[in-house]
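*Asks:* Questions regarding the structure given below will be posed in turn.
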Amino acid sequence: MEFVTYEVKGQVGIVTINRPKALNALNSQVLDELNEAFDAVDINEVRCLILTGAGEKSFVAGADIGEMSTLSKAEGEAFGKKGNDLFLKIESFPIPVIAAVNGFALGGGCEISLACDFRIASENSIFGQPEVGLGITPGFGGTQRLARAVGTGMAKQMIYGARNIKSDEALRIGLVNQVVALEELMPTVEKIAAGIAKNAPIAVRNCKKAINEGMQVDIEKAVEIEEKLFGDCFETADQRYGMEFFLDKNKEKVKEPFKNC
Ligand code: CAA
C-alpha cells in the first residue's frame, strides 16, 4: 500500500495514514487502502487498534479537495458513500479503535476521528468542519456524528460557521478525552490501548457493540441489546476464569492473560 501502513505491537495494531505531503488528505486511494488495512486486521491477534496520521503536523486535513473539485452531483454522492461505508466499518469494527489525533483533524479528518471509539489529541491539534467554506456539507458523517458527540447546538455552531477549534476547546466540549504533548501522544495512546487489550476480549467487544447499538434505539430496546450481549459472555473461558480468579482466596495467585475465545 502506498498511503497506509500497519504495524502490530503486542496485542495493539497501529494504522497510520501516510500521505504527509497532502497533510494526509483522504483521496479515493487512501480510502481504498484504509478499507484493505481494516479488512486485513487479525482480530484474534490484535485486541485494540490505534488510527493516526504520519508526521507531526496533521492527523488528516480532510477529504481531498483536488479530487472533489470537478465531481458531478452523482459522483459527489458516490464519493460521500465511499467515505461513509468505510467510516461505518471503522465505527462498527469488532474491536475498539482509538484515534490518536496528531494535528489537523479537519473535515473528513474530524469525521474519521469521530468514527473511532474515542479521541486522544496532541496539544497542536485543530478540529473543525470547514466544508461550508468550500461550498459543500460535511460528507463523511460529520453532520451526524459531531452532533451526537458534542450536542446539536455546538455541532451546528462549528459546522455553520466553519469554525475550527483548538485541542483545549475540543477537550472542554467533550470531543476528545485527553490532550497531551505531541511527543507523549503515541506512548499515551499505546498505553491506553494495551490496558484495553489485556481485558477479556469477548467482553470488550460486546461492550462496544452494546454501546454502539444501544445508542441508536430507545432505552427498552437498548437494555435488551445489553442483556443479550451480557448473556453471551457467560460460559466463556474468560468469564469462568475471571470470576474464579476473583473468588479464589489465594492472594499470591497471579492473574493469567485472558484467552481469545
Ligand atoms: N485536500 C487536498 N490537499 C490538501 C488538503 C486537502 N483537504 N489539505 C492540505 N492539502 C495539501 C495542500 O494543497 C498542500 O499541497 P501542496 O504542497 O501541493 O500545495 C499541502 O497539503 C500542504 O498544505 P498547506 O500548504 O495548505 O499547509 P498549511 O500549513 O499552510 O495549511 C491547512 C494547513 C490549514 C490544514 C490547510 O492545508 C487547509 O486548510 N487544508 C484544507 C482543510 C479543509 O478544508 N478540509 C476539509 C476538506 S472537505 C471535506 O473533508 C469534505 C468531507 O467531509 C468529505
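By convention here, the chains of the C-alpha cells are called A, B, ... in the order presented, each chain's residues are numbered starting at 1, and ligands are numbered starting at 1 in the order presented.
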Which residues of chain A sit at most 6 Å from ligand 1, using only C-alpha atoms and all ligand atoms? Give each one's shortest atom pair and distance in Å (one decimal place), in chain and ascending residue order, as CSV.
*Replies:*
```
residue,atom,partner,partner_atom_place_in_ligand_line,distance
A:Lys21,CA,ligand 1,20 (C),5.6
A:Ala22,CA,ligand 1,21 (O),3.4
A:Leu23,CA,ligand 1,21 (O),4.8
A:Ala25,CA,ligand 1,6 (C),4.9
A:Ala61,CA,ligand 1,8 (N),4.7
A:Gly62,CA,ligand 1,50 (O),3.7
A:Ala63,CA,ligand 1,50 (O),3.7
A:Asp64,CA,ligand 1,1 (N),3.4
A:Ile65,CA,ligand 1,1 (N),4.0
A:Gly66,CA,ligand 1,2 (C),5.4
A:Phe104,CA,ligand 1,35 (C),5.9
A:Leu106,CA,ligand 1,45 (N),4.9
A:Gly107,CA,ligand 1,50 (O),3.5
A:Gly108,CA,ligand 1,50 (O),3.8
A:Pro130,CA,ligand 1,44 (O),5.1
A:Glu131,CA,ligand 1,48 (S),5.0
A:Pro138,CA,ligand 1,53 (O),3.7
A:Gly139,CA,ligand 1,53 (O),3.9
A:Phe140,CA,ligand 1,54 (C),4.6
```
*Asks:* Please provide the set of residues having any atom within 10 Å of Glu183 of chain A, restricted to only C-alpha atoms, with same-chain residues fewer than 2 positions apart removed, written as a ChimeraX atom specification.
*Replies:* /A:56,102,122-123,180-181,185-188
*Asks:* Those residues you just picked out, can you put them in a file as a PDB file, in the first residue's frame with all heavy atoms?
*Replies:*
```pdb
ATOM      1  N   GLU A  56       4.165  15.302  12.000  1.00  0.00           N
ATOM      2  CA  GLU A  56       3.934  15.995  13.275  1.00  0.00           C
ATOM      3  C   GLU A  56       2.961  17.151  13.140  1.00  0.00           C
ATOM      4  O   GLU A  56       2.787  17.943  14.044  1.00  0.00           O
ATOM      5  CB  GLU A  56       5.278  16.514  13.794  1.00  0.00           C
ATOM      6  CG  GLU A  56       6.261  15.393  14.021  1.00  0.00           C
ATOM      7  CD  GLU A  56       7.422  15.799  14.878  1.00  0.00           C
ATOM      8  OE1 GLU A  56       7.785  16.998  14.848  1.00  0.00           O
ATOM      9  OE2 GLU A  56       7.966  14.931  15.579  1.00  0.00           O
ATOM     10  N   ASN A 102      -2.992  13.775  15.851  1.00  0.00           N
ATOM     11  CA  ASN A 102      -1.669  14.406  15.956  1.00  0.00           C
ATOM     12  C   ASN A 102      -1.567  15.673  15.110  1.00  0.00           C
ATOM     13  O   ASN A 102      -0.574  15.867  14.414  1.00  0.00           O
ATOM     14  CB  ASN A 102      -0.587  13.392  15.517  1.00  0.00           C
ATOM     15  CG  ASN A 102      -0.825  12.891  14.099  1.00  0.00           C
ATOM     16  OD1 ASN A 102      -1.945  12.510  13.778  1.00  0.00           O
ATOM     17  ND2 ASN A 102       0.196  12.890  13.261  1.00  0.00           N
ATOM     18  N   SER A 122      -3.088  15.519  20.490  1.00  0.00           N
ATOM     19  CA  SER A 122      -1.895  16.276  20.870  1.00  0.00           C
ATOM     20  C   SER A 122      -2.277  17.754  21.007  1.00  0.00           C
ATOM     21  O   SER A 122      -3.291  18.210  20.447  1.00  0.00           O
ATOM     22  CB  SER A 122      -0.802  16.102  19.820  1.00  0.00           C
ATOM     23  OG  SER A 122      -1.282  16.516  18.567  1.00  0.00           O
ATOM     24  N   GLU A 123      -1.430  18.494  21.740  1.00  0.00           N
ATOM     25  CA  GLU A 123      -1.744  19.905  22.018  1.00  0.00           C
ATOM     26  C   GLU A 123      -1.893  20.736  20.746  1.00  0.00           C
ATOM     27  O   GLU A 123      -2.640  21.714  20.708  1.00  0.00           O
ATOM     28  CB  GLU A 123      -0.624  20.509  22.885  1.00  0.00           C
ATOM     29  CG  GLU A 123      -0.713  20.076  24.334  1.00  0.00           C
ATOM     30  CD  GLU A 123       0.575  20.302  25.127  1.00  0.00           C
ATOM     31  OE1 GLU A 123       1.623  20.653  24.517  1.00  0.00           O
ATOM     32  OE2 GLU A 123       0.535  20.107  26.354  1.00  0.00           O
ATOM     33  N   VAL A 180      -2.508  15.740  25.196  1.00  0.00           N
ATOM     34  CA  VAL A 180      -1.142  15.552  25.711  1.00  0.00           C
ATOM     35  C   VAL A 180      -0.157  16.218  24.753  1.00  0.00           C
ATOM     36  O   VAL A 180      -0.509  16.535  23.611  1.00  0.00           O
ATOM     37  CB  VAL A 180      -0.789  14.045  25.857  1.00  0.00           C
ATOM     38  CG1 VAL A 180      -1.676  13.364  26.884  1.00  0.00           C
ATOM     39  CG2 VAL A 180      -0.884  13.314  24.524  1.00  0.00           C
ATOM     40  N   ALA A 181       1.078  16.396  25.212  1.00  0.00           N
ATOM     41  CA  ALA A 181       2.121  16.937  24.334  1.00  0.00           C
ATOM     42  C   ALA A 181       2.306  15.986  23.151  1.00  0.00           C
ATOM     43  O   ALA A 181       2.133  14.772  23.295  1.00  0.00           O
ATOM     44  CB  ALA A 181       3.429  17.083  25.109  1.00  0.00           C
ATOM     45  N   LEU A 185       1.966  11.687  22.697  1.00  0.00           N
ATOM     46  CA  LEU A 185       0.700  11.167  22.149  1.00  0.00           C
ATOM     47  C   LEU A 185       0.730   9.648  21.959  1.00  0.00           C
ATOM     48  O   LEU A 185      -0.122   8.930  22.499  1.00  0.00           O
ATOM     49  CB  LEU A 185       0.356  11.871  20.823  1.00  0.00           C
ATOM     50  CG  LEU A 185      -0.961  11.416  20.190  1.00  0.00           C
ATOM     51  CD1 LEU A 185      -2.156  11.789  21.066  1.00  0.00           C
ATOM     52  CD2 LEU A 185      -1.139  12.018  18.790  1.00  0.00           C
ATOM     53  N   MET A 186       1.691   9.145  21.175  1.00  0.00           N
ATOM     54  CA  MET A 186       1.670   7.703  20.891  1.00  0.00           C
ATOM     55  C   MET A 186       1.942   6.868  22.145  1.00  0.00           C
ATOM     56  O   MET A 186       1.217   5.889  22.384  1.00  0.00           O
ATOM     57  CB  MET A 186       2.613   7.352  19.734  1.00  0.00           C
ATOM     58  CG  MET A 186       2.099   7.799  18.365  1.00  0.00           C
ATOM     59  SD  MET A 186       0.358   7.387  18.025  1.00  0.00           S
ATOM     60  CE  MET A 186       0.454   5.618  17.775  1.00  0.00           C
ATOM     61  N   PRO A 187       2.926   7.255  22.993  1.00  0.00           N
ATOM     62  CA  PRO A 187       3.082   6.456  24.223  1.00  0.00           C
ATOM     63  C   PRO A 187       1.802   6.424  25.065  1.00  0.00           C
ATOM     64  O   PRO A 187       1.432   5.375  25.606  1.00  0.00           O
ATOM     65  CB  PRO A 187       4.219   7.178  24.978  1.00  0.00           C
ATOM     66  CG  PRO A 187       4.975   7.912  23.921  1.00  0.00           C
ATOM     67  CD  PRO A 187       3.997   8.249  22.836  1.00  0.00           C
ATOM     68  N   THR A 188       1.117   7.574  25.139  1.00  0.00           N
ATOM     69  CA  THR A 188      -0.122   7.620  25.936  1.00  0.00           C
ATOM     70  C   THR A 188      -1.190   6.712  25.332  1.00  0.00           C
ATOM     71  O   THR A 188      -1.826   5.916  26.028  1.00  0.00           O
ATOM     72  CB  THR A 188      -0.666   9.074  25.999  1.00  0.00           C
ATOM     73  OG1 THR A 188       0.346   9.897  26.563  1.00  0.00           O
ATOM     74  CG2 THR A 188      -1.940   9.170  26.816  1.00  0.00           C
TER      75      THR A 188
END
```
*Asks:* Could you name the residues that touch Ile225 of chain A at 10 Å or less, counting only C-alpha atoms, but leaving out those on the same chain fewer than 6 positions away, as a ChimeraX atom specification?
*Replies:* /A:206,209-211,213-214,217,219
*Asks:* Using only C-alpha atoms, find the one residue out of A:Ala162, A:Leu182, A:Leu114, A:Ala222 that sits nearest to Val150 of chain A.
*Replies:*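 Nearest candidate to Val150 of chain A out of A:Ala162, A:Leu182, A:Leu114, A:Ala222: A:Leu114.
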*Asks:* What parts of segment 3-210 of chain A does DSSP call strand (DSSP E or B)? I'd like the answer as a PyMOL selection string.
*Replies:* chain A and resi 4-9+12-17+26+48-53+58-60+63+97-101+104-106+118-122+126-128+165-166+178-180
*Asks:* Report, in Å to a single decimal, how far apart atom CA of Ser58 of chain A and atom CA of Leu34 of chain A are.
*Replies:*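 Interatomic distance here is 17.0 Å.
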*Asks:* What are the DSSP alpha helix (DSSP H) residues of segment 28-130 of chain A, as number ranges by chain?
*Replies:* A: 28-40, 65-68, 73-91, 108-115
*Asks:* From the set A:Gly242, A:Gly161, A:Gly142, A:Gly133, which residue has the shortest atom-to-atom contact distance to Glu256 of chain A, counting only C-alpha atoms?
*Replies:*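 So, comparing all the options, the nearest one is A:Gly242.
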*Asks:* Would you pick out the contacts of Ser113 of chain A at 6 Å or less, using only C-alpha atoms, so that residues sharing its chain but fewer than 3 positions from it are not included, and give the list as a list in words?
*Replies:*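 Counting only C-alpha atoms, the residues come to Ala99, Cys110 and Cys116 of chain A.
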*Asks:* Go ahead and dump the residues you just picked, N, CA and C atoms, as a PDB file, in the first residue's frame.
*Replies:*
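Writing done, so here's selection_17.pdb:
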```
ATOM      1  N   ALA A  99      -8.618   7.000  18.091  1.00  0.00           N
ATOM      2  CA  ALA A  99      -7.972   7.981  17.214  1.00  0.00           C
ATOM      3  C   ALA A  99      -6.885   8.702  18.010  1.00  0.00           C
ATOM      4  N   CYS A 110     -11.755  15.219  10.923  1.00  0.00           N
ATOM      5  CA  CYS A 110     -12.563  15.260  12.142  1.00  0.00           C
ATOM      6  C   CYS A 110     -13.554  14.096  12.089  1.00  0.00           C
ATOM      7  N   CYS A 116     -14.113   6.682  15.199  1.00  0.00           N
ATOM      8  CA  CYS A 116     -13.364   5.868  16.163  1.00  0.00           C
ATOM      9  C   CYS A 116     -14.110   5.868  17.504  1.00  0.00           C
TER      10      CYS A 116
END
```
*Asks:* With only C-alpha atoms as the atoms that count, which of A:Pro257, A:Ile50, A:Gly128, A:Ala78 lies nearest to Lys198 of chain A?
*Replies:*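 Among the listed residues, the smallest separation from Lys198 of chain A belongs to A:Pro257.
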*Asks:* Give me the residues near Glu169 of chain A as a PyMOL selection string, where near means some atom within 12 Å (using only C-alpha atoms) and where sequence neighbours in that chain fewer than 4 positions away do not count.
*Replies:* chain A and resi 121+123-128+150+154+158+163-165+173-179
*Asks:* For Gly135 of chain A, which residue among A:Asn18, A:Met68, A:Lys251, A:Leu26 is the nearest when counting only C-alpha atoms?
*Replies:* A:Met68
*Asks:* Which of these, A:Glu75, A:Asp232, A:Glu67, A:Asp117, has the shortest distance to Leu88 of chain A once you count only C-alpha atoms?
*Replies:*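 Checking each candidate against Leu88 of chain A, we get A:Asp117 as the closest.
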*Asks:* Out of A:Gln144, A:Gln216, A:Asn250, A:Thr52, which residue has the shortest atom-to-atom distance to Thr16 of chain A when counting only C-alpha atoms?
*Replies:*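 Using only C-alpha atoms, Thr16 of chain A sits closest to A:Thr52.
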*Asks:* Measure the distance from atom CA of Val189 of chain A to atom CA of Ser28 of chain A in Å and round it to one decimal.
*Replies:*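 Going from atom CA of Val189 of chain A over to atom CA of Ser28 of chain A covers 27.6 Å.
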*Asks:* For atom CA of Ser167 of chain A and atom CA of Ala100 of chain A, determine how far apart the two atoms are, in Å to one decimal place.
*Replies:*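 Distance reported for this atom pair: 12.4 Å.
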